[in-house]
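File shown here: final-v6.cif, holding mmCIF, C-alpha atoms and all ligand atoms.
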data_structure
loop_
_atom_site.label_atom_id
_atom_site.label_comp_id
_atom_site.auth_asym_id
_atom_site.auth_seq_id
_atom_site.Cartn_x
_atom_site.Cartn_y
_atom_site.Cartn_z
CA MET Z 1 -50.67 39.41 -37.15
CA ALA Z 2 -47.61 40.02 -39.33
CA ASP Z 3 -44.17 39.77 -37.73
CA GLU Z 4 -43.22 43.37 -37.04
CA ALA Z 5 -39.81 42.77 -35.50
CA LEU Z 6 -37.32 45.37 -36.73
CA LEU Z 7 -34.43 43.17 -35.69
CA ARG Z 8 -34.40 39.47 -34.92
CA ILE Z 9 -31.30 37.55 -33.89
CA THR Z 10 -31.68 34.09 -35.42
CA ALA Z 11 -28.08 32.87 -35.49
CA PRO Z 12 -24.71 33.55 -33.89
CA ILE Z 13 -22.82 36.48 -35.40
CA ARG Z 14 -19.12 36.00 -36.10
CA THR Z 15 -16.47 38.69 -35.85
CA GLU Z 16 -12.76 38.30 -36.51
CA ARG Z 17 -12.06 36.60 -33.15
CA LEU Z 18 -15.42 36.29 -31.41
CA VAL Z 19 -18.96 35.02 -31.71
CA LEU Z 20 -21.90 37.15 -30.55
CA ARG Z 21 -25.05 35.28 -29.60
CA THR Z 22 -28.11 35.62 -27.42
CA LEU Z 23 -27.62 34.32 -23.90
CA THR Z 24 -29.19 31.18 -22.45
CA PRO Z 25 -29.77 30.13 -18.82
CA GLU Z 26 -26.82 27.73 -19.25
CA ASP Z 27 -24.51 30.76 -19.44
CA LEU Z 28 -25.11 31.52 -15.75
CA ASP Z 29 -21.65 30.49 -14.50
CA ASP Z 30 -19.90 32.64 -17.10
CA VAL Z 31 -22.23 35.60 -16.59
CA PHE Z 32 -21.93 35.42 -12.81
CA GLY Z 33 -18.15 35.32 -13.36
CA TYR Z 34 -18.30 38.98 -14.38
CA ALA Z 35 -21.73 40.35 -13.38
CA GLY Z 36 -21.12 39.38 -9.76
CA ARG Z 37 -17.86 41.33 -9.49
CA ASP Z 38 -17.55 44.67 -7.71
CA ASP Z 39 -14.97 46.00 -10.19
CA VAL Z 40 -17.32 45.25 -13.11
CA ILE Z 41 -20.46 46.84 -11.69
CA ARG Z 42 -18.65 49.81 -10.17
CA TYR Z 43 -19.95 52.27 -12.77
CA LEU Z 44 -23.06 50.33 -13.79
CA PRO Z 45 -26.53 51.09 -12.47
CA TRP Z 46 -26.64 47.48 -11.28
CA PRO Z 47 -26.91 46.37 -7.68
CA LYS Z 48 -24.48 43.80 -6.31
CA ARG Z 49 -26.25 40.51 -7.11
CA THR Z 50 -25.94 37.04 -5.68
CA ARG Z 51 -25.71 34.07 -8.05
CA ASP Z 52 -29.46 33.49 -7.73
CA GLU Z 53 -30.15 37.14 -8.47
CA VAL Z 54 -27.86 37.04 -11.53
CA ALA Z 55 -29.83 33.95 -12.67
CA GLU Z 56 -33.09 35.91 -12.30
CA HIS Z 57 -31.62 38.89 -14.15
CA LEU Z 58 -30.27 36.60 -16.88
CA ALA Z 59 -33.73 35.07 -17.34
CA ARG Z 60 -35.01 38.55 -18.19
CA ARG Z 61 -32.26 39.12 -20.77
CA LEU Z 62 -33.00 36.35 -23.28
CA ASN Z 63 -35.07 38.41 -25.74
CA THR Z 64 -34.17 37.90 -29.42
CA THR Z 65 -36.18 40.64 -31.14
CA LEU Z 66 -36.51 44.41 -31.22
CA ALA Z 67 -40.04 45.38 -32.17
CA ALA Z 68 -41.16 48.21 -29.89
CA ASP Z 69 -39.70 51.19 -28.07
CA GLY Z 70 -37.84 50.02 -25.00
CA ASP Z 71 -37.11 46.51 -26.32
CA VAL Z 72 -33.67 45.21 -25.39
CA ILE Z 73 -31.42 42.56 -26.93
CA VAL Z 74 -28.41 41.28 -25.01
CA LEU Z 75 -25.67 39.54 -26.99
CA GLY Z 76 -23.18 37.40 -25.14
CA ILE Z 77 -19.57 37.69 -26.27
CA GLU Z 78 -18.33 34.16 -26.82
CA LEU Z 79 -14.62 33.47 -26.90
CA PRO Z 80 -13.43 30.41 -28.83
CA PRO Z 81 -11.51 27.94 -26.61
CA SER Z 82 -8.34 28.54 -28.65
CA LEU Z 83 -8.21 32.13 -27.33
CA ASP Z 84 -9.32 31.32 -23.80
CA GLY Z 85 -6.18 31.58 -21.75
CA ALA Z 86 -4.14 28.99 -23.61
CA SER Z 87 -3.06 30.94 -26.66
CA PRO Z 88 -0.59 33.86 -26.72
CA GLU Z 89 -3.55 36.22 -27.27
CA GLY Z 90 -5.47 34.94 -24.27
CA ALA Z 91 -5.08 35.61 -20.58
CA SER Z 92 -2.05 34.27 -18.74
CA PRO Z 93 -2.14 30.57 -17.87
CA ASP Z 94 -2.53 31.61 -14.22
CA ASP Z 95 -5.90 33.08 -15.13
CA ALA Z 96 -7.13 29.99 -16.96
CA PRO Z 97 -9.90 27.98 -15.30
CA ALA Z 98 -8.70 24.92 -13.43
CA ASP Z 99 -11.32 22.53 -14.84
CA ASP Z 100 -12.03 21.65 -18.44
CA ALA Z 101 -13.93 24.90 -19.07
CA CYS Z 102 -11.44 25.77 -21.80
CA ALA Z 103 -12.89 22.96 -23.89
CA ARG Z 104 -16.03 24.98 -24.58
CA PRO Z 105 -16.53 28.54 -25.73
CA ARG Z 106 -16.88 30.90 -22.82
CA ILE Z 107 -19.09 33.98 -22.48
CA ILE Z 108 -16.63 36.72 -21.52
CA GLY Z 109 -19.04 39.64 -21.46
CA ASP Z 110 -22.10 41.02 -23.13
CA LEU Z 111 -23.44 43.88 -25.19
CA THR Z 112 -26.82 45.49 -24.82
CA LEU Z 113 -28.73 47.07 -27.69
CA VAL Z 114 -31.85 49.04 -26.75
CA LEU Z 115 -34.38 50.28 -29.27
CA THR Z 116 -35.14 53.63 -27.63
CA SER Z 117 -37.33 55.17 -30.37
CA ILE Z 118 -38.69 53.72 -33.59
CA GLU Z 119 -40.09 57.08 -34.66
CA HIS Z 120 -36.78 58.88 -34.18
CA ARG Z 121 -34.59 55.88 -35.15
CA GLN Z 122 -32.61 56.02 -31.91
CA ALA Z 123 -30.82 53.20 -30.12
CA THR Z 124 -28.55 52.82 -27.11
CA VAL Z 125 -25.61 50.46 -26.63
CA GLY Z 126 -23.90 49.19 -23.49
CA TRP Z 127 -21.05 46.78 -22.75
CA VAL Z 128 -19.57 44.66 -20.00
CA LEU Z 129 -16.45 42.51 -20.17
CA ASN Z 130 -14.92 40.07 -17.70
CA PRO Z 131 -11.76 41.85 -16.41
CA GLN Z 132 -9.74 38.73 -17.27
CA PHE Z 133 -10.34 39.54 -20.94
CA GLN Z 134 -10.12 43.32 -20.95
CA GLY Z 135 -7.29 45.14 -22.70
CA LYS Z 136 -7.34 42.89 -25.77
CA GLY Z 137 -9.71 44.84 -27.99
CA TYR Z 138 -12.51 42.30 -27.57
CA ALA Z 139 -15.07 44.89 -26.39
CA ALA Z 140 -14.25 47.17 -29.32
CA GLU Z 141 -14.47 44.29 -31.81
CA ALA Z 142 -17.85 43.18 -30.46
CA ALA Z 143 -19.25 46.71 -30.07
CA SER Z 144 -18.23 47.59 -33.60
CA ARG Z 145 -20.30 44.67 -34.89
CA VAL Z 146 -23.26 45.74 -32.76
CA LEU Z 147 -23.06 49.26 -34.18
CA THR Z 148 -23.17 47.74 -37.68
CA LEU Z 149 -26.22 45.77 -36.57
CA ALA Z 150 -27.84 48.94 -35.22
CA PHE Z 151 -27.21 50.99 -38.35
CA ASP Z 152 -27.45 48.44 -41.18
CA GLU Z 153 -30.10 46.06 -39.86
CA LEU Z 154 -32.11 47.99 -37.27
CA GLY Z 155 -31.94 51.18 -39.37
CA SER Z 156 -30.89 53.47 -36.55
CA HIS Z 157 -30.03 57.07 -37.32
CA ARG Z 158 -28.21 57.73 -34.02
CA VAL Z 159 -26.72 55.35 -31.48
CA VAL Z 160 -25.98 56.54 -27.96
CA ALA Z 161 -23.86 55.30 -25.06
CA GLU Z 162 -24.46 56.71 -21.58
CA LEU Z 163 -21.84 56.34 -18.89
CA ASP Z 164 -20.39 57.62 -15.68
CA PRO Z 165 -17.67 60.09 -16.81
CA ARG Z 166 -15.27 58.53 -14.27
CA ASN Z 167 -15.47 55.31 -16.31
CA THR Z 168 -12.43 56.07 -18.45
CA ALA Z 169 -12.27 52.55 -19.97
CA SER Z 170 -15.80 52.93 -21.30
CA ALA Z 171 -15.16 56.50 -22.48
CA SER Z 172 -12.05 55.29 -24.36
CA LEU Z 173 -14.10 52.55 -25.98
CA CYS Z 174 -16.64 55.13 -27.18
CA THR Z 175 -13.86 57.22 -28.69
CA ARG Z 176 -12.27 54.15 -30.26
CA LEU Z 177 -15.62 53.42 -31.95
CA GLY Z 178 -15.87 56.97 -33.31
CA MET Z 179 -18.53 58.12 -30.88
CA ARG Z 180 -18.51 61.82 -29.98
CA LEU Z 181 -18.93 63.20 -26.46
CA GLU Z 182 -22.22 65.08 -26.82
CA GLY Z 183 -22.70 66.15 -23.26
CA HIS Z 184 -21.56 65.91 -19.67
CA PHE Z 185 -24.53 66.33 -17.36
CA VAL Z 186 -23.60 67.36 -13.84
CA HIS Z 187 -25.46 65.71 -10.94
CA SER Z 188 -28.03 64.25 -13.33
CA GLY Z 189 -29.09 61.59 -10.86
CA ILE Z 190 -28.52 59.95 -7.52
CA VAL Z 191 -26.51 56.73 -7.55
CA GLU Z 192 -26.16 54.85 -4.28
CA GLY Z 193 -27.20 57.93 -2.34
CA GLU Z 194 -24.76 60.31 -4.04
CA TRP Z 195 -25.11 62.77 -6.90
CA ALA Z 196 -23.59 61.36 -10.06
CA ASP Z 197 -22.67 62.89 -13.42
CA LEU Z 198 -23.62 61.39 -16.77
CA ALA Z 199 -21.67 61.47 -20.03
CA VAL Z 200 -23.49 60.95 -23.32
CA TYR Z 201 -21.58 59.73 -26.36
CA ALA Z 202 -23.21 59.22 -29.77
CA ILE Z 203 -22.57 58.46 -33.41
CA LEU Z 204 -24.80 59.03 -36.45
CA ASP Z 205 -25.35 56.65 -39.35
CA VAL Z 206 -23.52 59.01 -41.74
CA GLU Z 207 -20.54 59.20 -39.39
CA TRP Z 208 -20.42 55.42 -39.03
CA ASN Z 209 -20.63 54.92 -42.79
CA ALA Z 210 -17.92 57.52 -43.47
CA ARG Z 211 -15.66 55.87 -40.91
CA ASN Z 212 -16.17 52.43 -42.44
CA ALA Z 213 -15.59 53.77 -45.95
CA LEU Z 214 -12.22 55.15 -44.76
CA ASP Z 215 -11.32 51.84 -43.05
CA GLY Z 216 -12.32 49.87 -46.14
C1 LIG Z 301 -15.71 49.27 -20.70
C2 LIG Z 301 -15.00 47.95 -21.01
C3 LIG Z 301 -15.95 47.01 -21.74
C4 LIG Z 301 -13.79 48.24 -21.90
O1 LIG Z 301 -13.05 47.04 -22.10
P1 LIG Z 301 -11.61 47.10 -22.83
O2 LIG Z 301 -11.11 45.73 -22.93
O3 LIG Z 301 -10.75 48.11 -22.15
O4 LIG Z 301 -11.99 47.70 -24.24
P2 LIG Z 301 -11.41 47.42 -25.70
O5 LIG Z 301 -11.94 46.18 -26.27
O6 LIG Z 301 -11.65 48.67 -26.47
O7 LIG Z 301 -9.85 47.18 -25.48
C5 LIG Z 301 -8.98 48.27 -25.52
C6 LIG Z 301 -7.63 47.91 -24.96
O8 LIG Z 301 -7.17 46.69 -25.55
C7 LIG Z 301 -5.88 46.91 -26.13
N1 LIG Z 301 -5.73 45.94 -27.24
C8 LIG Z 301 -4.92 44.83 -27.18
N2 LIG Z 301 -5.05 44.12 -28.30
C9 LIG Z 301 -5.92 44.78 -29.10
C10 LIG Z 301 -6.44 44.52 -30.39
N3 LIG Z 301 -6.10 43.43 -31.09
N4 LIG Z 301 -7.33 45.40 -30.91
C11 LIG Z 301 -7.69 46.50 -30.22
N5 LIG Z 301 -7.22 46.80 -28.97
C12 LIG Z 301 -6.34 45.94 -28.42
C13 LIG Z 301 -5.89 48.37 -26.49
O9 LIG Z 301 -4.59 48.89 -26.64
C14 LIG Z 301 -6.59 48.96 -25.27
O10 LIG Z 301 -5.70 48.96 -24.20
P3 LIG Z 301 -5.65 50.22 -23.16
O11 LIG Z 301 -6.98 50.22 -22.44
O12 LIG Z 301 -4.51 49.87 -22.27
O13 LIG Z 301 -5.47 51.43 -23.99
C15 LIG Z 301 -14.49 47.29 -19.70
O14 LIG Z 301 -13.64 48.18 -19.04
C16 LIG Z 301 -15.61 46.88 -18.73
O15 LIG Z 301 -16.28 45.88 -18.94
N6 LIG Z 301 -15.80 47.63 -17.63
C17 LIG Z 301 -16.76 47.25 -16.60
C18 LIG Z 301 -18.19 47.38 -17.05
C19 LIG Z 301 -18.50 48.79 -17.46
O16 LIG Z 301 -18.17 49.73 -16.78
N7 LIG Z 301 -19.18 48.91 -18.61
C20 LIG Z 301 -19.54 50.18 -19.20
C21 LIG Z 301 -20.71 50.79 -18.58
S1 LIG Z 301 -21.06 52.35 -19.38
#

Could you render the structure from this file as structure tokens?
Ligand SMILES: CC(C)(COP(=O)(O)OP(=O)(O)OC[C@H]1O[C@@H](n2cnc3c(N)ncnc32)[C@H](O)[C@@H]1OP(=O)(O)O)[C@@H](O)C(=O)NCCC(=O)NCCS
Amino acid sequence: MADEALLRITAPIRTERLVLRTLTPEDLDDVFGYAGRDDVIRYLPWPKRTRDEVAEHLARRLNTTLAADGDVIVLGIELPPSLDGASPEGASPDDAPADDACARPRIIGDLTLVLTSIEHRQATVGWVLNPQFQGKGYAAEAASRVLTLAFDELGSHRVVAELDPRNTASASLCTRLGMRLEGHFVHSGIVEGEWADLAVYAILDVEWNARNALDG
């Protein structure tokens, strides 16, 4: 049967400061470093996971193709050692790992791209960043590249981000990327036994292209 993948990640993707690549089981320490933190999962529909549970979850997030509705690709955000705590752009030296972890690139977060509908050319994005590396524009830089991937390579017409409206950092990131608030749904679901609201942000291909034409 012919290869019908609409998007296949075959090599790391470089941005100005970062490298985006599919995750591997060897990334467990880095991924647990953020996915196991209460402050990271606070507004995510993720349970608090042990290291073993993060390993199990990671093993289900290694897909490299989008071919059918519901397919998901997760791209790890890799930070070159030169920016990992030691350089003026990195975290403070107090935050740097004590061992020789700085000698290798570190996964500081990840981005999720979901093919929600082939027929309607819809996709969803999500993002998570280790708090040690927030506030440096890394999430915006990586998410911007993933939006380009969604529009230019996957052929999406509309890309959506769904979030808890109390998650102001994520809402700011949406706005920074040019995504519009399309709706605030009140008590749209139950999260941890309590009614929770949902904010939906989105951007169309024409809006993304117009924005990039202005930037260029
Ligand atoms: C949502 C999340 C990824 C945003 O991370 P972030 O680092 O704040 O996002 P950005 O990459 O857009 O960085 C923006 C900040 O970096 C600052 N910045 C510093 N250097 C910068 C640079 N070179 N370029 C751009 N921004 C820069 C900006 O001024 C801004 O600071 P501010 O928040 O004080 O205004 C992060 O808060 C997170 O992982 N949260 C937990 C997980 C989560 O809730 N995910 C979303 C679920 S919907």

What's the separation between atom CA of Val74 of chain Z and atom C13 of ligand LIG 301 (chain Z), in Å to one decimal place? 23.7 Å

Proximity to Asn212 of chain Z - best of Z:Leu147, Z:Ala68, Z:Leu198, Z:Val40, all atoms listed in the file: Z:Leu147

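Nearest residue to ligand LIG 301 (chain Z), choosing from Z:Lys136, Z:His120, Z:Arg14, Z:His57 and counting all atoms listed in the file: Z:Lys136.
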
Enumerate as a short mmCIF file (atom, residue, chain, number, x, y, z; two decimals) with C-alpha atoms, in the frame of the given file the residues within 6 Å of ligand LIG 301 (chain Z), counting all atoms listed in the file.
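Contents of the output file selection10.cif:
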data_model
loop_
_atom_site.label_atom_id
_atom_site.label_comp_id
_atom_site.auth_asym_id
_atom_site.auth_seq_id
_atom_site.Cartn_x
_atom_site.Cartn_y
_atom_site.Cartn_z
CA VAL Z 40 -17.32 45.25 -13.11
CA ILE Z 41 -20.46 46.84 -11.69
CA TYR Z 43 -19.95 52.27 -12.77
CA LEU Z 44 -23.06 50.33 -13.79
CA GLY Z 126 -23.90 49.19 -23.49
CA TRP Z 127 -21.05 46.78 -22.75
CA VAL Z 128 -19.57 44.66 -20.00
CA LEU Z 129 -16.45 42.51 -20.17
CA GLN Z 134 -10.12 43.32 -20.95
CA GLY Z 135 -7.29 45.14 -22.70
CA LYS Z 136 -7.34 42.89 -25.77
CA GLY Z 137 -9.71 44.84 -27.99
CA TYR Z 138 -12.51 42.30 -27.57
CA ALA Z 139 -15.07 44.89 -26.39
CA ALA Z 140 -14.25 47.17 -29.32
CA GLU Z 162 -24.46 56.71 -21.58
CA LEU Z 163 -21.84 56.34 -18.89
CA ALA Z 169 -12.27 52.55 -19.97
CA SER Z 170 -15.80 52.93 -21.30
CA LEU Z 173 -14.10 52.55 -25.98
#

Counting only C-alpha atoms, figure out which residue out of Z:Leu177, Z:Leu75, Z:Leu20, Z:Leu154 gets nearest to Leu7 of chain Z. Z:Leu154

Can you sort out segment 69-80 of chain Z so it carries all heavy atoms, written as a PDB file, in the coordinates of the input?
ATOM      1  N   ASP Z  69     -40.550  50.311 -28.882  1.00  0.00           N
ATOM      2  CA  ASP Z  69     -39.700  51.190 -28.070  1.00  0.00           C
ATOM      3  C   ASP Z  69     -39.448  50.556 -26.707  1.00  0.00           C
ATOM      4  O   ASP Z  69     -40.376  50.053 -26.065  1.00  0.00           O
ATOM      5  CB  ASP Z  69     -40.385  52.546 -27.858  1.00  0.00           C
ATOM      6  CG  ASP Z  69     -40.407  53.375 -29.142  1.00  0.00           C
ATOM      7  OD1 ASP Z  69     -39.897  52.896 -30.163  1.00  0.00           O
ATOM      8  OD2 ASP Z  69     -40.937  54.498 -29.091  1.00  0.00           O
ATOM      9  N   GLY Z  70     -38.191  50.575 -26.294  1.00  0.00           N
ATOM     10  CA  GLY Z  70     -37.840  50.020 -25.000  1.00  0.00           C
ATOM     11  C   GLY Z  70     -37.382  48.568 -25.057  1.00  0.00           C
ATOM     12  O   GLY Z  70     -36.859  48.054 -24.064  1.00  0.00           O
ATOM     13  N   ASP Z  71     -37.561  47.912 -26.209  1.00  0.00           N
ATOM     14  CA  ASP Z  71     -37.110  46.510 -26.320  1.00  0.00           C
ATOM     15  C   ASP Z  71     -35.583  46.443 -26.231  1.00  0.00           C
ATOM     16  O   ASP Z  71     -34.873  47.330 -26.729  1.00  0.00           O
ATOM     17  CB  ASP Z  71     -37.563  45.889 -27.645  1.00  0.00           C
ATOM     18  CG  ASP Z  71     -39.026  45.477 -27.614  1.00  0.00           C
ATOM     19  OD1 ASP Z  71     -39.657  45.622 -26.552  1.00  0.00           O
ATOM     20  OD2 ASP Z  71     -39.523  45.016 -28.655  1.00  0.00           O
ATOM     21  N   VAL Z  72     -35.104  45.367 -25.637  1.00  0.00           N
ATOM     22  CA  VAL Z  72     -33.670  45.210 -25.390  1.00  0.00           C
ATOM     23  C   VAL Z  72     -33.203  43.839 -25.899  1.00  0.00           C
ATOM     24  O   VAL Z  72     -33.881  42.834 -25.671  1.00  0.00           O
ATOM     25  CB  VAL Z  72     -33.375  45.263 -23.871  1.00  0.00           C
ATOM     26  CG1 VAL Z  72     -31.891  45.097 -23.592  1.00  0.00           C
ATOM     27  CG2 VAL Z  72     -33.898  46.546 -23.256  1.00  0.00           C
ATOM     28  N   ILE Z  73     -32.073  43.835 -26.584  1.00  0.00           N
ATOM     29  CA  ILE Z  73     -31.420  42.560 -26.930  1.00  0.00           C
ATOM     30  C   ILE Z  73     -30.052  42.550 -26.247  1.00  0.00           C
ATOM     31  O   ILE Z  73     -29.315  43.541 -26.303  1.00  0.00           O
ATOM     32  CB  ILE Z  73     -31.239  42.402 -28.454  1.00  0.00           C
ATOM     33  CG1 ILE Z  73     -32.558  41.983 -29.112  1.00  0.00           C
ATOM     34  CG2 ILE Z  73     -30.163  41.381 -28.778  1.00  0.00           C
ATOM     35  CD1 ILE Z  73     -32.465  41.820 -30.613  1.00  0.00           C
ATOM     36  N   VAL Z  74     -29.738  41.444 -25.608  1.00  0.00           N
ATOM     37  CA  VAL Z  74     -28.410  41.280 -25.010  1.00  0.00           C
ATOM     38  C   VAL Z  74     -27.677  40.197 -25.795  1.00  0.00           C
ATOM     39  O   VAL Z  74     -28.213  39.107 -26.002  1.00  0.00           O
ATOM     40  CB  VAL Z  74     -28.511  40.874 -23.528  1.00  0.00           C
ATOM     41  CG1 VAL Z  74     -27.122  40.712 -22.926  1.00  0.00           C
ATOM     42  CG2 VAL Z  74     -29.304  41.916 -22.750  1.00  0.00           C
ATOM     43  N   LEU Z  75     -26.484  40.528 -26.260  1.00  0.00           N
ATOM     44  CA  LEU Z  75     -25.670  39.540 -26.990  1.00  0.00           C
ATOM     45  C   LEU Z  75     -24.472  39.160 -26.130  1.00  0.00           C
ATOM     46  O   LEU Z  75     -23.683  40.035 -25.719  1.00  0.00           O
ATOM     47  CB  LEU Z  75     -25.191  40.129 -28.314  1.00  0.00           C
ATOM     48  CG  LEU Z  75     -26.271  40.351 -29.379  1.00  0.00           C
ATOM     49  CD1 LEU Z  75     -25.698  41.085 -30.582  1.00  0.00           C
ATOM     50  CD2 LEU Z  75     -26.854  38.998 -29.822  1.00  0.00           C
ATOM     51  N   GLY Z  76     -24.343  37.881 -25.856  1.00  0.00           N
ATOM     52  CA  GLY Z  76     -23.180  37.400 -25.140  1.00  0.00           C
ATOM     53  C   GLY Z  76     -21.976  37.416 -26.065  1.00  0.00           C
ATOM     54  O   GLY Z  76     -22.103  37.178 -27.268  1.00  0.00           O
ATOM     55  N   ILE Z  77     -20.816  37.713 -25.486  1.00  0.00           N
ATOM     56  CA  ILE Z  77     -19.570  37.690 -26.270  1.00  0.00           C
ATOM     57  C   ILE Z  77     -18.886  36.368 -25.977  1.00  0.00           C
ATOM     58  O   ILE Z  77     -18.420  36.121 -24.863  1.00  0.00           O
ATOM     59  CB  ILE Z  77     -18.637  38.863 -25.863  1.00  0.00           C
ATOM     60  CG1 ILE Z  77     -19.367  40.200 -25.999  1.00  0.00           C
ATOM     61  CG2 ILE Z  77     -17.364  38.839 -26.688  1.00  0.00           C
ATOM     62  CD1 ILE Z  77     -18.583  41.389 -25.421  1.00  0.00           C
ATOM     63  N   GLU Z  78     -18.866  35.510 -26.991  1.00  0.00           N
ATOM     64  CA  GLU Z  78     -18.330  34.160 -26.820  1.00  0.00           C
ATOM     65  C   GLU Z  78     -16.901  34.103 -27.341  1.00  0.00           C
ATOM     66  O   GLU Z  78     -16.630  34.544 -28.460  1.00  0.00           O
ATOM     67  CB  GLU Z  78     -19.227  33.187 -27.605  1.00  0.00           C
ATOM     68  CG  GLU Z  78     -19.004  31.745 -27.294  1.00  0.00           C
ATOM     69  CD  GLU Z  78     -19.938  30.869 -28.129  1.00  0.00           C
ATOM     70  OE1 GLU Z  78     -19.559  30.516 -29.250  1.00  0.00           O
ATOM     71  OE2 GLU Z  78     -21.039  30.557 -27.654  1.00  0.00           O
ATOM     72  N   LEU Z  79     -16.029  33.573 -26.516  1.00  0.00           N
ATOM     73  CA  LEU Z  79     -14.620  33.470 -26.900  1.00  0.00           C
ATOM     74  C   LEU Z  79     -14.305  32.022 -27.263  1.00  0.00           C
ATOM     75  O   LEU Z  79     -14.538  31.112 -26.454  1.00  0.00           O
ATOM     76  CB  LEU Z  79     -13.736  33.900 -25.726  1.00  0.00           C
ATOM     77  CG  LEU Z  79     -12.251  34.028 -26.018  1.00  0.00           C
ATOM     78  CD1 LEU Z  79     -11.980  35.244 -26.896  1.00  0.00           C
ATOM     79  CD2 LEU Z  79     -11.461  34.151 -24.721  1.00  0.00           C
ATOM     80  N   PRO Z  80     -13.789  31.781 -28.460  1.00  0.00           N
ATOM     81  CA  PRO Z  80     -13.430  30.410 -28.830  1.00  0.00           C
ATOM     82  C   PRO Z  80     -12.397  29.835 -27.856  1.00  0.00           C
ATOM     83  O   PRO Z  80     -11.549  30.573 -27.363  1.00  0.00           O
ATOM     84  CB  PRO Z  80     -12.826  30.544 -30.229  1.00  0.00           C
ATOM     85  CG  PRO Z  80     -13.286  31.870 -30.717  1.00  0.00           C
ATOM     86  CD  PRO Z  80     -13.489  32.739 -29.513  1.00  0.00           C
TER      87      PRO Z  80
END
